[in-house]
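Visitor: Dropping in protein.txt, with compact mmCIF, C-alpha atoms (C1' of nucleotides).
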```txt
# COMPACT_ATOMS: atom_id res chain seq x y z
CA MET A 1 -15.48 18.05 7.57
CA ASN A 2 -16.54 14.74 6.15
CA LYS A 3 -15.55 12.30 3.45
CA ASN A 4 -16.36 14.82 0.74
CA CYS A 5 -13.48 16.97 1.94
CA THR A 6 -11.04 17.56 -0.93
CA VAL A 7 -7.98 17.01 1.22
CA TYR A 8 -9.43 13.82 2.70
CA LYS A 9 -10.18 12.36 -0.72
CA THR A 10 -6.70 13.01 -2.02
CA MET A 11 -4.87 11.83 1.08
CA ASP A 12 -7.03 8.72 1.24
CA PHE A 13 -5.62 7.88 -2.17
CA VAL A 14 -2.03 9.10 -2.37
CA GLY A 15 -1.44 8.33 1.30
CA LYS A 16 -1.67 4.61 0.66
CA LYS A 17 1.54 2.74 1.21
CA TRP A 18 4.01 2.84 -1.73
CA THR A 19 1.83 5.07 -3.95
CA VAL A 20 4.08 8.14 -3.89
CA LEU A 21 7.22 6.04 -4.19
CA ILE A 22 5.88 4.34 -7.31
CA LEU A 23 5.18 7.72 -8.91
CA LEU A 24 8.67 8.80 -7.92
CA GLU A 25 10.25 5.75 -9.54
CA ILE A 26 8.44 6.32 -12.81
CA PHE A 27 9.37 10.00 -12.71
CA LYS A 28 13.04 9.19 -12.24
CA SER A 29 13.26 7.42 -15.57
CA LYS A 30 14.45 9.43 -18.55
CA ASP A 31 11.15 9.56 -20.39
CA ASN A 32 8.72 9.24 -17.47
CA THR A 33 8.19 5.61 -18.43
CA LYS A 34 9.08 2.44 -16.62
CA ARG A 35 8.37 -1.27 -16.83
CA TYR A 36 6.71 -3.30 -14.13
CA SER A 37 9.91 -5.20 -13.39
CA GLU A 38 11.98 -2.02 -13.26
CA ILE A 39 9.69 -0.54 -10.64
CA LYS A 40 9.71 -3.82 -8.77
CA ASN A 41 13.51 -3.91 -8.73
CA SER A 42 13.77 -0.27 -7.69
CA ILE A 43 11.51 -0.90 -4.69
CA PRO A 44 12.50 -4.40 -3.57
CA GLU A 45 10.40 -4.22 -0.42
CA ILE A 46 7.13 -3.97 -2.32
CA THR A 47 5.30 -7.22 -3.06
CA PRO A 48 3.98 -7.93 -6.57
CA LYS A 49 0.42 -7.96 -5.32
CA VAL A 50 0.59 -4.50 -3.78
CA LEU A 51 2.48 -3.11 -6.77
CA SER A 52 -0.13 -4.26 -9.27
CA THR A 53 -2.92 -3.01 -7.03
CA ARG A 54 -1.30 0.44 -6.77
CA LEU A 55 -0.64 0.62 -10.50
CA LYS A 56 -4.30 -0.10 -11.20
CA GLU A 57 -5.35 2.58 -8.72
CA LEU A 58 -2.97 5.10 -10.27
CA GLU A 59 -4.26 4.25 -13.73
CA GLU A 60 -7.84 4.64 -12.56
CA LYS A 61 -7.06 8.09 -11.15
CA GLU A 62 -5.33 9.00 -14.40
CA MET A 63 -1.97 9.59 -12.78
CA ILE A 64 -0.31 7.06 -15.09
CA THR A 65 -1.07 5.25 -18.33
CA LYS A 66 -0.32 1.66 -19.19
CA SER A 67 0.79 0.34 -22.56
CA ILE A 68 1.30 -3.30 -23.37
CA ASP A 69 3.50 -4.57 -26.15
CA THR A 70 2.44 -8.13 -26.91
CA LYS A 71 4.21 -8.29 -30.26
CA GLU A 72 7.64 -8.84 -28.87
CA PHE A 73 8.72 -11.50 -26.45
CA PRO A 74 8.73 -11.41 -23.51
CA ILE A 75 5.71 -9.16 -23.11
CA SER A 76 6.54 -5.70 -21.85
CA CYS A 77 4.23 -3.42 -19.87
CA GLU A 78 5.20 0.21 -19.65
CA TYR A 79 3.81 2.70 -17.21
CA SER A 80 4.06 6.42 -17.96
CA LEU A 81 3.19 9.52 -15.97
CA THR A 82 0.36 11.65 -17.27
CA ASP A 83 0.57 15.46 -17.04
CA GLN A 84 -1.49 15.18 -13.88
CA GLY A 85 0.90 12.66 -12.42
CA GLU A 86 3.93 14.70 -13.36
CA ASP A 87 2.40 17.79 -11.79
CA PHE A 88 1.98 15.87 -8.56
CA LEU A 89 5.71 15.34 -8.33
CA LYS A 90 6.02 19.06 -7.53
CA ILE A 91 4.23 18.29 -4.29
CA VAL A 92 6.60 15.41 -3.63
CA GLN A 93 9.47 17.85 -4.10
CA LYS A 94 7.87 20.15 -1.50
CA ILE A 95 7.57 17.22 0.88
CA LYS A 96 11.24 16.45 0.45
CA GLU A 97 12.20 20.08 1.05
CA TRP A 98 10.07 20.20 4.18
CA THR A 99 11.63 17.03 5.54
CA LEU A 100 15.16 18.27 4.91
CA LYS A 101 14.33 21.61 6.50
CA TRP A 102 12.84 20.32 9.73
CA ASN A 103 13.31 16.71 10.28
CA ILE A 104 16.61 15.67 9.67
CA LYS A 105 20.08 14.94 9.14
CA ASN A 106 19.44 12.14 6.76
CA PRO A 107 22.92 10.96 5.89
CA HIS A 108 21.57 9.36 2.76
CA CYS A 109 20.19 12.62 1.52
CA GLU A 110 22.70 15.30 0.65
CA SER A 111 21.09 18.71 0.21
CA GLU A 112 19.36 18.18 -3.13
CA LYS A 113 20.21 14.79 -4.49
CA CYS A 114 19.24 11.78 -2.45
CA LYS A 115 21.63 8.86 -2.67
CA ASP A 116 18.77 6.44 -2.49
CA CYS A 117 15.85 7.99 -4.28
CA LYS A 118 17.90 10.15 -6.67
CA PHE A 119 15.31 12.84 -6.35
CA MET B 1 15.83 3.41 -2.98
CA ASN B 2 15.30 1.88 0.40
CA LYS B 3 13.75 2.73 3.72
CA ASN B 4 16.29 5.47 4.33
CA CYS B 5 14.79 7.44 1.45
CA THR B 6 13.67 10.86 2.68
CA VAL B 7 10.40 10.77 0.79
CA TYR B 8 9.64 7.26 2.02
CA LYS B 9 10.20 8.19 5.63
CA THR B 10 7.91 11.19 5.47
CA MET B 11 5.15 9.49 3.51
CA ASP B 12 5.27 6.49 5.80
CA PHE B 13 4.39 8.87 8.58
CA VAL B 14 2.07 11.56 7.21
CA GLY B 15 0.42 9.09 4.84
CA LYS B 16 -1.19 7.27 7.74
CA LYS B 17 -4.92 7.54 7.82
CA TRP B 18 -6.29 10.74 9.42
CA THR B 19 -2.86 12.29 10.13
CA VAL B 20 -3.13 15.18 7.68
CA LEU B 21 -6.75 15.83 8.59
CA ILE B 22 -5.86 16.10 12.27
CA LEU B 23 -3.19 18.69 11.48
CA LEU B 24 -5.73 20.52 9.34
CA GLU B 25 -8.27 20.60 12.14
CA ILE B 26 -5.79 22.04 14.62
CA PHE B 27 -4.67 24.59 12.03
CA LYS B 28 -8.23 25.77 11.44
CA SER B 29 -8.61 26.93 15.02
CA LYS B 30 -7.92 30.56 15.76
CA ASP B 31 -4.72 30.10 17.72
CA ASN B 32 -3.50 26.82 16.22
CA THR B 33 -4.73 25.05 19.35
CA LYS B 34 -7.50 22.56 19.80
CA ARG B 35 -8.76 20.18 22.43
CA TYR B 36 -9.07 16.44 22.03
CA SER B 37 -12.84 16.55 22.01
CA GLU B 38 -12.93 19.39 19.50
CA ILE B 39 -10.83 17.40 17.06
CA LYS B 40 -12.98 14.35 17.71
CA ASN B 41 -16.16 16.27 16.99
CA SER B 42 -14.71 17.85 13.87
CA ILE B 43 -13.82 14.43 12.46
CA PRO B 44 -16.70 12.23 13.63
CA GLU B 45 -15.53 9.23 11.59
CA ILE B 46 -12.27 8.86 13.53
CA THR B 47 -12.26 6.48 16.49
CA PRO B 48 -10.78 7.56 19.83
CA LYS B 49 -8.08 4.90 19.67
CA VAL B 50 -6.79 6.04 16.28
CA LEU B 51 -7.01 9.70 17.28
CA SER B 52 -4.92 9.24 20.40
CA THR B 53 -2.43 7.10 18.50
CA ARG B 54 -2.06 9.76 15.80
CA LEU B 55 -1.72 12.56 18.34
CA LYS B 56 1.09 10.66 20.06
CA GLU B 57 2.83 10.11 16.74
CA LEU B 58 2.49 13.77 15.81
CA GLU B 59 3.87 14.80 19.18
CA GLU B 60 6.79 12.42 18.78
CA LYS B 61 7.62 13.91 15.38
CA GLU B 62 7.36 17.39 16.89
CA MET B 63 4.53 18.45 14.63
CA ILE B 64 2.35 19.31 17.62
CA THR B 65 2.76 19.93 21.35
CA LYS B 66 0.46 18.80 24.12
CA SER B 67 -0.43 20.69 27.25
CA ILE B 68 -2.53 19.31 30.09
CA ASP B 69 -4.47 21.31 32.61
CA THR B 70 -5.22 19.04 35.57
CA LYS B 71 -6.16 21.82 37.93
CA GLU B 72 -9.60 22.30 36.58
CA PHE B 73 -12.25 19.72 36.07
CA PRO B 74 -12.87 18.17 33.68
CA ILE B 75 -9.27 17.77 32.63
CA SER B 76 -8.44 19.65 29.47
CA CYS B 77 -5.77 18.67 26.95
CA GLU B 78 -4.76 21.11 24.28
CA TYR B 79 -2.86 20.31 21.14
CA SER B 80 -0.98 23.05 19.29
CA LEU B 81 0.90 23.14 16.02
CA THR B 82 4.63 23.70 16.21
CA ASP B 83 6.35 25.86 13.58
CA GLN B 84 7.26 22.65 11.84
CA GLY B 85 3.66 21.49 11.84
CA GLU B 86 2.39 24.84 10.64
CA ASP B 87 4.92 24.83 7.80
CA PHE B 88 3.60 21.46 6.71
CA LEU B 89 0.18 22.97 6.10
CA LYS B 90 1.68 24.76 3.09
CA ILE B 91 2.10 21.34 1.53
CA VAL B 92 -1.51 20.50 2.38
CA GLN B 93 -2.52 23.69 0.58
CA LYS B 94 -0.54 22.54 -2.49
CA ILE B 95 -2.31 19.19 -2.34
CA LYS B 96 -5.66 20.92 -2.30
CA GLU B 97 -4.70 23.11 -5.24
CA TRP B 98 -3.51 20.11 -7.21
CA THR B 99 -6.74 18.23 -6.54
CA LEU B 100 -8.89 21.17 -7.59
CA LYS B 101 -6.80 21.64 -10.73
CA TRP B 102 -6.95 18.07 -11.98
CA ASN B 103 -9.37 15.91 -10.25
CA ILE B 104 -12.55 17.33 -9.73
CA LYS B 105 -15.73 19.16 -9.64
CA ASN B 106 -16.05 18.76 -5.93
CA PRO B 107 -19.34 20.48 -5.23
CA HIS B 108 -18.38 20.80 -1.60
CA CYS B 109 -15.28 22.74 -2.46
CA GLU B 110 -15.80 26.17 -3.98
CA SER B 111 -12.62 27.60 -5.48
CA GLU B 112 -10.78 28.49 -2.32
CA LYS B 113 -12.94 27.81 0.68
CA CYS B 114 -14.15 24.28 1.22
CA LYS B 115 -17.58 23.97 2.76
CA ASP B 116 -16.49 20.94 4.70
CA CYS B 117 -12.88 21.42 5.63
CA LYS B 118 -12.93 25.25 5.66
CA PHE B 119 -9.45 25.25 4.23
C1' DC C 1 11.57 -15.53 -18.71
C1' DC C 2 7.72 -11.29 -17.63
C1' DG C 3 3.74 -9.79 -15.41
C1' DG C 4 1.03 -10.83 -12.61
C1' DA C 5 -2.59 -14.14 -9.62
C1' DT C 6 -3.27 -17.04 -5.53
C1' DC C 7 -2.93 -18.55 -0.77
C1' DC C 8 -1.81 -17.71 3.74
C1' DT C 9 -0.41 -14.93 7.71
C1' DC C 10 -0.24 -10.83 10.39
C1' DT C 11 -0.59 -5.89 11.28
C1' DG C 12 -3.73 -1.79 11.48
C1' DC C 13 -8.05 0.31 11.46
C1' DG C 14 -13.02 0.41 12.79
C1' DA C 15 -16.77 -0.27 16.28
C1' DT C 16 -18.23 -0.55 20.81
C1' DA C 17 -17.75 -0.46 25.69
C1' DC C 18 -15.62 1.07 29.69
C1' DT C 19 -12.39 3.85 33.17
C1' DG C 20 -9.14 7.43 35.83
C1' DC D 1 -13.02 14.81 29.32
C1' DA D 2 -9.55 12.19 27.57
C1' DG D 3 -8.46 8.56 26.74
C1' DT D 4 -7.78 2.63 27.27
C1' DA D 5 -9.65 -2.45 26.54
C1' DT D 6 -11.45 -5.79 23.65
C1' DC D 7 -12.88 -7.77 19.47
C1' DG D 8 -13.44 -8.36 14.40
C1' DC D 9 -12.19 -7.58 9.75
C1' DA D 10 -9.84 -5.57 5.62
C1' DG D 11 -5.66 -4.74 3.71
C1' DA D 12 -0.38 -5.32 3.64
C1' DG D 13 3.47 -8.67 3.71
C1' DG D 14 5.67 -13.25 2.30
C1' DA D 15 5.93 -17.25 -0.51
C1' DT D 16 4.58 -19.71 -4.32
C1' DC D 17 2.39 -20.64 -8.73
C1' DC D 18 0.92 -19.77 -13.54
C1' DG D 19 -0.47 -18.08 -18.45
C1' DG D 20 1.58 -15.94 -22.59
```
Is it possible to give me this structure as structure tokens?

Guide:
Amino acid sequence: MNKNCTVYKTMDFVGKKWTVLILLEIFKSKDNTKRYSEIKNSIPEITPKVLSTRLKELEEKEMITKSIDTKEFPISCEYSLTDQGEDFLKIVQKIKEWTLKWNIKNPHCESEKCKDCKF
Amino acid sequence: MNKNCTVYKTMDFVGKKWTVLILLEIFKSKDNTKRYSEIKNSIPEITPKVLSTRLKELEEKEMITKSIDTKEFPISCEYSLTDQGEDFLKIVQKIKEWTLKWNIKNPHCESEKCKDCKF
DNA sequence: CCGGATCCTCTGCGATACTG
DNA sequence: CAGTATCGCAGAGGATCCGG
């Protein structure tokens, strides 16, 4: 076991605070696309600095793509899940199932559809 | 979305540095049980403070159980996976599969059996 | 206005040394 | 052997500012 370990490398990345929740927010949109401000409003606790850092990291890892529309005003930046990113949401689903199975009685989370995360 | 979100709560916990790797190390033992020093030696980069903190957290969340044998010397502490903790390893397996599918060419990780993490 | 960048503070992790 | 004590630093949080 060392830092070349596959599991280590992935956890060192997706385990960072807010990363999974950002992916989840983008996934929850109708077309797997969301604007910076929409993500920000969906996760009020996140600070703009951390959000932009995470978005850059996700883009670097090819989990999301960024497209900028400078022609209209105000400028709009849209972030979309790649196939890789979308595939990762299956793991997030497994995590949710595991949590509901073992952990909890989360009154905000009714069987399948979470009141908060809508996932 | 807020801090009651099921996914948030779980990620906020298992996303902490080293947590998943500690579970993985205990799982790799023959009887799902490992001593403090064995875990420490398997993950040389972890510091004793962080390891003991993580072990306490995992115990609190009922992912592992701790048993102390004070009768012999030196004292031996054994950490074992609970059913809940063992079930979580299925998610870790999914994470590994996802990484190998999308990310990669990890020369340390050959198809199924990783040279480093043996998982 | 939107999408950040900047500045500051504070928590968490790493490194080393030491103890019941 | 299985941890704690102490210190230092990088990264997260909070508030504010800024270019297009």

Visitor: Please report as CSV every residue of chain C lying within 9 Å of segment 12-15 of chain D, along with the nearest atom pair and their distance in Å (one decimal), using only C-alpha atoms (C1' of nucleotides).

Guide:
```
residue,atom,partner,partner_atom,distance
C:DC7,C1',D:DA15,C1',9.0
C:DC8,C1',D:DG14,C1',8.8
C:DT9,C1',D:DG14,C1',8.3
C:DC10,C1',D:DG13,C1',7.9
C:DT11,C1',D:DA12,C1',7.7
```

Visitor: For chain D, list the residues within 10 Å of chain B, counting only C-alpha atoms (C1' of nucleotides), and write the list as number ranges by chain.

Guide: D: 1-4

Visitor: Kindly save the residues from that selection, with C-alpha atoms (C1' of nucleotides) included, as a PDB file, in the coordinates of the input.

Guide:
```pdb
ATOM      1  C1'  DC D   1     -13.020  14.810  29.320  1.00  0.00           C
ATOM      2  C1'  DA D   2      -9.550  12.190  27.570  1.00  0.00           C
ATOM      3  C1'  DG D   3      -8.460   8.560  26.740  1.00  0.00           C
ATOM      4  C1'  DT D   4      -7.780   2.630  27.270  1.00  0.00           C
TER       5       DT D   4
END
```

Visitor: Write out, as a Markdown table, each residue of chain C that has an atom at most 12 Å from chain B, together with the closest pair of atoms and their distance in Å to one decimal, counting only C-alpha atoms (C1' of nucleotides), rows going by chain and rising number.

Guide:
```
| residue | atom | partner | partner_atom | distance |
| --- | --- | --- | --- | --- |
| C:DG12 | C1' | B:Val50 | CA | 9.7 |
| C:DC13 | C1' | B:Val50 | CA | 7.6 |
| C:DG14 | C1' | B:Thr47 | CA | 7.1 |
| C:DA15 | C1' | B:Thr47 | CA | 8.1 |
| C:DT16 | C1' | B:Thr47 | CA | 10.2 |
| C:DG20 | C1' | B:Ile75 | CA | 10.8 |
```

Visitor: How would chain A read as an mmCIF file with C-alpha atoms, in the coordinates of the input once least-squares superposed on chain B using all paired C-alpha atoms?

Guide:
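Saved result, out_15.cif, follows:
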```cif
data_model
loop_
_atom_site.group_PDB
_atom_site.id
_atom_site.type_symbol
_atom_site.label_atom_id
_atom_site.label_comp_id
_atom_site.auth_asym_id
_atom_site.auth_seq_id
_atom_site.Cartn_x
_atom_site.Cartn_y
_atom_site.Cartn_z
ATOM 1 C CA MET A 1 15.810 3.501 -3.176
ATOM 2 C CA ASN A 2 15.275 1.926 0.190
ATOM 3 C CA LYS A 3 13.762 2.725 3.551
ATOM 4 C CA ASN A 4 16.311 5.461 4.156
ATOM 5 C CA CYS A 5 14.783 7.452 1.318
ATOM 6 C CA THR A 6 13.672 10.867 2.601
ATOM 7 C CA VAL A 7 10.396 10.794 0.717
ATOM 8 C CA TYR A 8 9.634 7.264 1.913
ATOM 9 C CA LYS A 9 10.223 8.176 5.548
ATOM 10 C CA THR A 10 7.949 11.181 5.407
ATOM 11 C CA MET A 11 5.166 9.507 3.457
ATOM 12 C CA ASP A 12 5.312 6.482 5.736
ATOM 13 C CA PHE A 13 4.429 8.872 8.535
ATOM 14 C CA VAL A 14 2.127 11.574 7.188
ATOM 15 C CA GLY A 15 0.463 9.132 4.804
ATOM 16 C CA LYS A 16 -1.137 7.263 7.675
ATOM 17 C CA LYS A 17 -4.882 7.509 7.792
ATOM 18 C CA TRP A 18 -6.257 10.700 9.430
ATOM 19 C CA THR A 19 -2.826 12.247 10.130
ATOM 20 C CA VAL A 20 -3.114 15.157 7.693
ATOM 21 C CA LEU A 21 -6.741 15.767 8.605
ATOM 22 C CA ILE A 22 -5.851 16.044 12.286
ATOM 23 C CA LEU A 23 -3.183 18.638 11.496
ATOM 24 C CA LEU A 24 -5.726 20.460 9.366
ATOM 25 C CA GLU A 25 -8.273 20.537 12.182
ATOM 26 C CA ILE A 26 -5.786 21.975 14.640
ATOM 27 C CA PHE A 27 -4.673 24.525 12.056
ATOM 28 C CA LYS A 28 -8.234 25.675 11.471
ATOM 29 C CA SER A 29 -8.629 26.856 15.037
ATOM 30 C CA LYS A 30 -7.945 30.509 15.761
ATOM 31 C CA ASP A 31 -4.753 30.019 17.727
ATOM 32 C CA ASN A 32 -3.521 26.735 16.234
ATOM 33 C CA THR A 33 -4.759 24.962 19.349
ATOM 34 C CA LYS A 34 -7.520 22.457 19.811
ATOM 35 C CA ARG A 35 -8.808 20.073 22.451
ATOM 36 C CA TYR A 36 -9.053 16.339 22.045
ATOM 37 C CA SER A 37 -12.846 16.444 22.040
ATOM 38 C CA GLU A 38 -12.943 19.280 19.518
ATOM 39 C CA ILE A 39 -10.832 17.298 17.086
ATOM 40 C CA LYS A 40 -12.942 14.238 17.749
ATOM 41 C CA ASN A 41 -16.148 16.141 17.005
ATOM 42 C CA SER A 42 -14.699 17.729 13.878
ATOM 43 C CA ILE A 43 -13.785 14.303 12.486
ATOM 44 C CA PRO A 44 -16.655 12.092 13.653
ATOM 45 C CA GLU A 45 -15.486 9.125 11.605
ATOM 46 C CA ILE A 46 -12.244 8.758 13.534
ATOM 47 C CA THR A 47 -12.253 6.389 16.508
ATOM 48 C CA PRO A 48 -10.785 7.494 19.853
ATOM 49 C CA LYS A 49 -8.113 4.836 19.657
ATOM 50 C CA VAL A 50 -6.788 5.959 16.288
ATOM 51 C CA LEU A 51 -7.004 9.625 17.268
ATOM 52 C CA SER A 52 -4.907 9.169 20.396
ATOM 53 C CA THR A 53 -2.420 7.032 18.495
ATOM 54 C CA ARG A 54 -2.032 9.708 15.796
ATOM 55 C CA LEU A 55 -1.698 12.497 18.344
ATOM 56 C CA LYS A 56 1.112 10.613 20.064
ATOM 57 C CA GLU A 57 2.846 10.059 16.729
ATOM 58 C CA LEU A 58 2.505 13.729 15.819
ATOM 59 C CA GLU A 59 3.865 14.737 19.209
ATOM 60 C CA GLU A 60 6.788 12.362 18.812
ATOM 61 C CA LYS A 61 7.630 13.879 15.423
ATOM 62 C CA GLU A 62 7.353 17.347 16.933
ATOM 63 C CA MET A 63 4.531 18.422 14.666
ATOM 64 C CA ILE A 64 2.333 19.274 17.656
ATOM 65 C CA THR A 65 2.711 19.865 21.378
ATOM 66 C CA LYS A 66 0.412 18.720 24.134
ATOM 67 C CA SER A 67 -0.479 20.650 27.266
ATOM 68 C CA ILE A 68 -2.615 19.319 30.065
ATOM 69 C CA ASP A 69 -4.509 21.476 32.502
ATOM 70 C CA THR A 70 -5.313 19.342 35.531
ATOM 71 C CA LYS A 71 -6.155 22.275 37.783
ATOM 72 C CA GLU A 72 -9.577 22.872 36.393
ATOM 73 C CA PHE A 73 -12.361 20.377 36.038
ATOM 74 C CA PRO A 74 -12.944 18.589 33.777
ATOM 75 C CA ILE A 75 -9.360 18.066 32.671
ATOM 76 C CA SER A 76 -8.523 19.708 29.377
ATOM 77 C CA CYS A 77 -5.846 18.580 26.924
ATOM 78 C CA GLU A 78 -4.818 21.047 24.274
ATOM 79 C CA TYR A 79 -2.892 20.231 21.158
ATOM 80 C CA SER A 80 -1.015 22.983 19.323
ATOM 81 C CA LEU A 81 0.891 23.073 16.054
ATOM 82 C CA THR A 82 4.615 23.646 16.259
ATOM 83 C CA ASP A 83 6.365 25.815 13.642
ATOM 84 C CA GLN A 84 7.260 22.596 11.869
ATOM 85 C CA GLY A 85 3.665 21.467 11.879
ATOM 86 C CA GLU A 86 2.408 24.816 10.683
ATOM 87 C CA ASP A 87 4.944 24.820 7.868
ATOM 88 C CA PHE A 88 3.616 21.464 6.744
ATOM 89 C CA LEU A 89 0.200 22.957 6.150
ATOM 90 C CA LYS A 90 1.700 24.768 3.142
ATOM 91 C CA ILE A 91 2.101 21.356 1.563
ATOM 92 C CA VAL A 92 -1.494 20.511 2.404
ATOM 93 C CA GLN A 93 -2.511 23.713 0.635
ATOM 94 C CA LYS A 94 -0.543 22.577 -2.438
ATOM 95 C CA ILE A 95 -2.315 19.233 -2.313
ATOM 96 C CA LYS A 96 -5.665 20.970 -2.250
ATOM 97 C CA GLU A 97 -4.708 23.193 -5.183
ATOM 98 C CA TRP A 98 -3.542 20.188 -7.172
ATOM 99 C CA THR A 99 -6.764 18.314 -6.508
ATOM 100 C CA LEU A 100 -8.915 21.266 -7.534
ATOM 101 C CA LYS A 101 -6.834 21.767 -10.663
ATOM 102 C CA TRP A 102 -6.949 18.217 -11.967
ATOM 103 C CA ASN A 103 -9.324 16.029 -10.198
ATOM 104 C CA ILE A 104 -12.469 17.530 -9.755
ATOM 105 C CA LYS A 105 -15.612 19.249 -9.601
ATOM 106 C CA ASN A 106 -16.028 18.790 -5.923
ATOM 107 C CA PRO A 107 -19.340 20.468 -5.232
ATOM 108 C CA HIS A 108 -18.388 20.803 -1.605
ATOM 109 C CA CYS A 109 -15.294 22.748 -2.451
ATOM 110 C CA GLU A 110 -15.803 26.152 -3.998
ATOM 111 C CA SER A 111 -12.610 27.561 -5.492
ATOM 112 C CA GLU A 112 -10.744 28.449 -2.305
ATOM 113 C CA LYS A 113 -12.917 27.785 0.680
ATOM 114 C CA CYS A 114 -14.102 24.259 1.246
ATOM 115 C CA LYS A 115 -17.549 23.954 2.767
ATOM 116 C CA ASP A 116 -16.469 20.951 4.738
ATOM 117 C CA CYS A 117 -12.867 21.449 5.694
ATOM 118 C CA LYS A 118 -12.943 25.267 5.707
ATOM 119 C CA PHE A 119 -9.471 25.272 4.296
#
```

Visitor: Any idea what the distance is between atom CA of Val20 of chain B and atom C1' of DC7 of chain D?

Guide: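 Calculated distance between atom CA of Val20 of chain B and atom C1' of DC7 of chain D is 27.6 Å.
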
Visitor: When you count all atoms listed in the file, which of these residues is closest to chain A: B:Ile68, B:Ile26, B:Leu58, B:Val14?

Guide: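 Checking each of B:Ile68, B:Ile26, B:Leu58, B:Val14 against chain A, counting all atoms listed in the file, the winner is B:Val14.
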
Visitor: Do you have the atom CA of Met63 of chain A-atom CA of Asn41 of chain A distance handy?

Guide: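 For atom CA of Met63 of chain A relative to atom CA of Asn41 of chain A, the distance reads 20.9 Å.
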
Visitor: Any chance you could work out the axis-aligned box around segment 11-16 of chain C, listed atoms only, 6 Å on each side, giving centre and edge lengths in Å to one decimal, as AutoDock Vina command-line options?

Guide:
```
--center_x -9.4 --center_y -2.7 --center_z 16.0 --size_x 29.6 --size_y 18.3 --size_z 21.5
```

Visitor: One number please: atom CA of Lys28 of chain A to atom CA of Lys66 of chain A, in Å, one decimal.

Guide: 16.8 Å

Visitor: Which of these residues is nearest to chain A, using all atoms listed in the file: B:Ile64, B:Met11, B:Leu89, B:Leu55?

Guide: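 Nearest to chain A: B:Met11.
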
Visitor: May I have the residues at most 12 Å from (11.6, 8.1, -18.2) in the file's coordinates, counting all atoms listed in the file, as a PyMOL selection string?

Guide: chain A and resi 23-35+38-39+78-82+86

Visitor: Quick one: write out the picked residues with C-alpha atoms as a short mmCIF file (atom, residue, chain, number, x, y, z; two decimals), keeping the file's coordinate frame?

Guide:
```
data_model
loop_
_atom_site.label_atom_id
_atom_site.label_comp_id
_atom_site.auth_asym_id
_atom_site.auth_seq_id
_atom_site.Cartn_x
_atom_site.Cartn_y
_atom_site.Cartn_z
CA LEU A 23 5.18 7.72 -8.91
CA LEU A 24 8.67 8.80 -7.92
CA GLU A 25 10.25 5.75 -9.54
CA ILE A 26 8.44 6.32 -12.81
CA PHE A 27 9.37 10.00 -12.71
CA LYS A 28 13.04 9.19 -12.24
CA SER A 29 13.26 7.42 -15.57
CA LYS A 30 14.45 9.43 -18.55
CA ASP A 31 11.15 9.56 -20.39
CA ASN A 32 8.72 9.24 -17.47
CA THR A 33 8.19 5.61 -18.43
CA LYS A 34 9.08 2.44 -16.62
CA ARG A 35 8.37 -1.27 -16.83
CA GLU A 38 11.98 -2.02 -13.26
CA ILE A 39 9.69 -0.54 -10.64
CA GLU A 78 5.20 0.21 -19.65
CA TYR A 79 3.81 2.70 -17.21
CA SER A 80 4.06 6.42 -17.96
CA LEU A 81 3.19 9.52 -15.97
CA THR A 82 0.36 11.65 -17.27
CA GLU A 86 3.93 14.70 -13.36
#
```

Visitor: May I ask which of the residues B:Glu60, B:Thr53, B:Ile95, B:Lys71 is the closest one to chain A, counting all atoms listed in the file?

Guide: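 The answer is B:Ile95, which sits nearest to chain A.
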
Visitor: Could you check the closest approach to chain A for each of B:Glu57, B:Thr70, B:Gln93, B:Thr65 and tell me which residue wins, using all atoms listed in the file?

Guide: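 Among the listed residues, the smallest separation from chain A belongs to B:Gln93.
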